[in-house]
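Scroll down for the structure; my scribbles are underneath it.
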Amino acid sequence: VDESALTGESVTVEKSHGHLPVGERPLGDRSNMAYKGTLVTHGRAAGLVVATGARTQLGQVATLLGEAPTRATPLQQRLAAFGKRLSVVVLAICAVVFAIGVLRGEPVLLMALTAISLAVAAIPEALPAVVTVLLALGARRLVNVNALVRRLPSVETLGSVNVICSDKTGTLTLNRMQVREHRSWGEGDTALWTALALCNDAGPGADGWVGDPTETALLQAAQEAGVDVATLRQASPRLHEWPFDAERKRMSTLHAAVAADAPGWRAWVKGAPEAVLPRCTGASADANADALATAQTWAANGMRVLAVATRTGGPKLADELAQQPADTFEQGLTLVGLVGLIDPPRPEARAAVAECLAAGIRPVMITGDHPATALAIARDLGIATADAAGVLTGSELAQLDDATLAATVPGVAVYARMDPAQKIRIVTALQSNGLFVAMTGDGVNDAPALRSADIGVAMGQGGTDVAREAASLVLLDDNFATIVGAVREGRRIFDNIRKFIRYALTGNSGEIWVLFLAPLLGLPIPLMPIHILWVNLVTDGLPGLALAAEPAERGVMQRPPRPPGESVFAHGLWQHALWVGLLIGALCLGVQAWALAGHGGPETRAHWQTMVFTLLTLAQMAHLLAIRSERESLFTQGLRSNGPLLGAVALTLVLQLATVYVPWLQPIFHTQALSASELGLCVALAAVVFAVVEFEKVWRRRFRM
């Protein structure tokens, strides 16, 4: 029976009606039970139904799936906290600005409009649009690398992942058995490949060999070794078969001898080494001992080992032998060789695991497969080190309470023989340690854990519909390396969201400082409400959205994941917004004071307000260009590395100059045309903002902040 949908076991499982020892056994070890949703690959049986509906294994999975909790994504948590804090601060500032203006004798209506405009300007209302666009563009980019996003917020969640719990079969491995090792005794490799081609029930299909995965792998290896399977089977037809039996653990076939042999018959036997080697009396004791030691070494390395033996005789005995029981016939065998099979790791999985480790992400294998196989693959890929402790099995995990399990999981890299409920316990235990968990899977048994994880990743090719429905992300190529690419995209998206927040808060901070400090310095209100709203519209709109196209920074996968409790203001963001905003405010107020000193009089109000208005817009554009990276200089990145942003900045400048120089717009915006020297002064002061932020990045690089 193929139970991979329920257990993840890549090798088909032999079933029998015999009783099992008393006690709890993992799902994959219940050899006398067949489950709904699994596939019979060969053989016949009569079954007694012992469970239906919710009591079946599939029904239990459905129950777990309905009970699985969902958590808010890191982005949702951070933006919710950001919104609450910002709302309180902005309301307080607006109230202070309104009160100070009224106390200075400004018209109440003007101050009310100014306070309301300031509140509108201070809140980055473009943030939801920017986040949505970033996530949508990220989802589009992920499709190009074979990852289909089913829940949009999960795109950013990938950047916060600390642990990736991966299924083994089909994700880290090819889900296709292959011959990894072979060794022959006596007659050499030719006899070994002949045996594997003849003592085999698989056959040709439209796209290769069809049959049991192990037997198709043996035929593929024989063919690659130069055996013409069809010709060989025609030259040595099968006379009788003793099929594989779970108790015997062997399969034997009786054939007419090939032309190179003397006329007669030849039998080929393959099966578990412990079931075949004791019957090889035709081999020396040393050969048998050597073969047994080799088989044990291969098995310890996660391979499924088969021993191959032969027996020959004259033609007259063939019909009589066919009537014998298998145990009677399978005596006096001669050892031919051993083969070791394994579901090999994907070629790109090893590099992907290494990239995860470099990025501070811990890969963990959770599988229903055999512990030795799971540990061998984990060591091969680098998930578990050579001196790592053994595997935590499902039966061992069942003995741990939740507190003990939570204390145990940080040191475990491989879990084997796990059932669906235990996978949920592992995910929950990891989350209780403050970790964000990505869970991959393809089977029905994986669906509850996919739903419980912070981000569930299902397989699109070999996965079940149940797993895909429960997941947030679907891998179209069933490739672990695609997850790593998705993590890189998630980190890029969050970086760009932070850049927008840095940009918007700094610009809004500059506007607040201008309006807040002007009355305290004895200056008139420097901006009209329409100026505030216009700056907010043109600077937070297209330029902010263009940050969505910013490419990933260098080294994005060489830094650890963000801590789950880390604020969006971390790493100096709020300090930057405060002091750069104060710098912009100081430059604007300085221009206002200079213009008042040079022109003076209420009749020039529109003129000096135009200078403040223009400088504020230009300073925010200069700041935008400077914060495209938190560490790298714009000159290192190159102006053309983000074409949409460059176009948005150019369009904003054109629109701003239109409000100043287009005659029919001047009455609407209460502006006057500036002279070339006045415009040049505004450009020069805006360049000061760019230079100061670039110097801040030099300081960050020098002190590795």
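Naming works like this for the structure tokens: A, B, ... for the chains as they're shown, residue 1 at the start of each chain, ligands 1 onward in shown order.
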Near Thr297 (chain A), within 12 Å and counting only C-alpha atoms, which residues show up once chain neighbours fewer than 6 positions away are dropped, as an mmCIF file with N, CA and C atoms, in the first residue's frame?
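Contents of out.cif, freshly written:
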data_model
loop_
_atom_site.group_PDB
_atom_site.id
_atom_site.type_symbol
_atom_site.label_atom_id
_atom_site.label_comp_id
_atom_site.auth_asym_id
_atom_site.auth_seq_id
_atom_site.Cartn_x
_atom_site.Cartn_y
_atom_site.Cartn_z
ATOM 1 N N GLU A 181 23.668 2.469 -4.257
ATOM 2 C CA GLU A 181 24.851 1.612 -4.149
ATOM 3 C C GLU A 181 24.533 0.222 -4.694
ATOM 4 N N ASP A 290 30.434 -10.605 5.125
ATOM 5 C CA ASP A 290 30.782 -9.337 4.468
ATOM 6 C C ASP A 290 29.536 -8.655 3.919
ATOM 7 N N ALA A 291 28.656 -9.451 3.300
ATOM 8 C CA ALA A 291 27.426 -8.897 2.737
ATOM 9 C C ALA A 291 26.518 -8.345 3.835
ATOM 10 N N MET A 303 19.485 3.863 3.492
ATOM 11 C CA MET A 303 19.108 3.168 2.265
ATOM 12 C C MET A 303 18.217 1.961 2.553
ATOM 13 N N ARG A 304 17.363 1.640 1.598
ATOM 14 C CA ARG A 304 16.618 0.389 1.635
ATOM 15 C C ARG A 304 17.467 -0.646 0.901
ATOM 16 N N VAL A 305 17.877 -1.679 1.613
ATOM 17 C CA VAL A 305 18.839 -2.640 1.065
ATOM 18 C C VAL A 305 18.111 -3.916 0.658
ATOM 19 N N LEU A 338 24.185 -7.137 -3.593
ATOM 20 C CA LEU A 338 23.322 -6.244 -2.817
ATOM 21 C C LEU A 338 23.068 -4.977 -3.617
ATOM 22 N N GLY A 340 21.439 -0.945 -2.801
ATOM 23 C CA GLY A 340 20.912 0.008 -1.828
ATOM 24 C C GLY A 340 20.154 1.109 -2.538
ATOM 25 N N ALA A 372 15.888 6.125 10.516
ATOM 26 C CA ALA A 372 17.229 6.032 9.932
ATOM 27 C C ALA A 372 17.287 6.740 8.586
ATOM 28 N N ALA A 376 19.547 10.128 7.810
ATOM 29 C CA ALA A 376 20.565 10.081 6.756
ATOM 30 C C ALA A 376 20.377 11.225 5.764
#
- Message: Could you list, as a list in words, every residue within 8 Å of Asp167 (chain A), counting only C-alpha atoms and ignoring same-chain residues fewer than 5 positions away?
- Response: Gly8, Leu172, Met365, Ile366, Thr367, Thr440, Gly441 and Asp442 of chain A
- Item | Members of region 175-269 of chain A assigned helix (DSSP H, G or I) by DSSP, as an NGL selection string | :A and (189-198 or 213-224 or 229-235)
- Task: Could you pull out the residues in region 49-190 of chain A that DSSP calls strand (DSSP E) from the backbone, as a PyMOL selection string?
- Result: chain A and resi 147-149+163-166+178-184
- Task: With a distance cut-off of 8 Å and only C-alpha atoms, select the neighbouring residues of region 621-625 of chain A, excluding the residue or stretch itself and same-chain residues fewer than 4 positions from it, and output the selection as a VMD selection string.
- Result: chain A and resid 503 539 543 617 634 649 686 to 687 689 to 690 693
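Nearest to Phe82 (chain A) of all the residues A:Ala374, A:Ile164, A:Ile426, A:Ile123 is A:Ile123, based on only C-alpha atoms.
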- Message: Give me, as a PyMOL selection string, all polymer residues having an atom no more than 6 Å from region 234-246 of chain A, counting only C-alpha atoms and skipping those fewer than 4 positions away in the same chain.
- Response: chain A and resi 14+250-258
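Residues within 12 Å of region 85-89 of chain A, counting only C-alpha atoms and excluding same-chain residues fewer than 2 positions away, are A:Arg78, A:Leu79, A:Ala80, A:Ala81, A:Phe82, A:Gly83, A:Leu91, A:Ala92, A:Ile93, A:Cys94, A:Ala95, A:Val96, A:Ala119, A:Val120, A:Ala122, A:Ile123, A:Pro124, A:Glu125, A:Ile501, A:Leu505, A:Asn508, A:Ser509, A:Ile512, A:Ser567, A:Val568, A:Phe569, A:Trp574.
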- Task: For region 101-104 of chain A, work out the shell of residues within 10 Å, counting only C-alpha atoms and skipping chain neighbours fewer than 5 positions away, then give it as a ChimeraX atom specification.
- Result: /A:96,109-112,114-115,515-516,518-520,522,524-525
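Among the candidates A:Ala99, A:Val414, A:Val444, A:Val484, the residue lying nearest to Asp465 (chain A) is A:Val444 (atoms considered: only C-alpha atoms).
Nearest to Ala378 (chain A) of all the residues A:Gln609, A:Asp201, A:Thr169, A:Arg498 is A:Thr169, based on only C-alpha atoms.
Going from CA of Thr216 (chain A) to CA of Gly43 (chain A) covers 16.7 Å.
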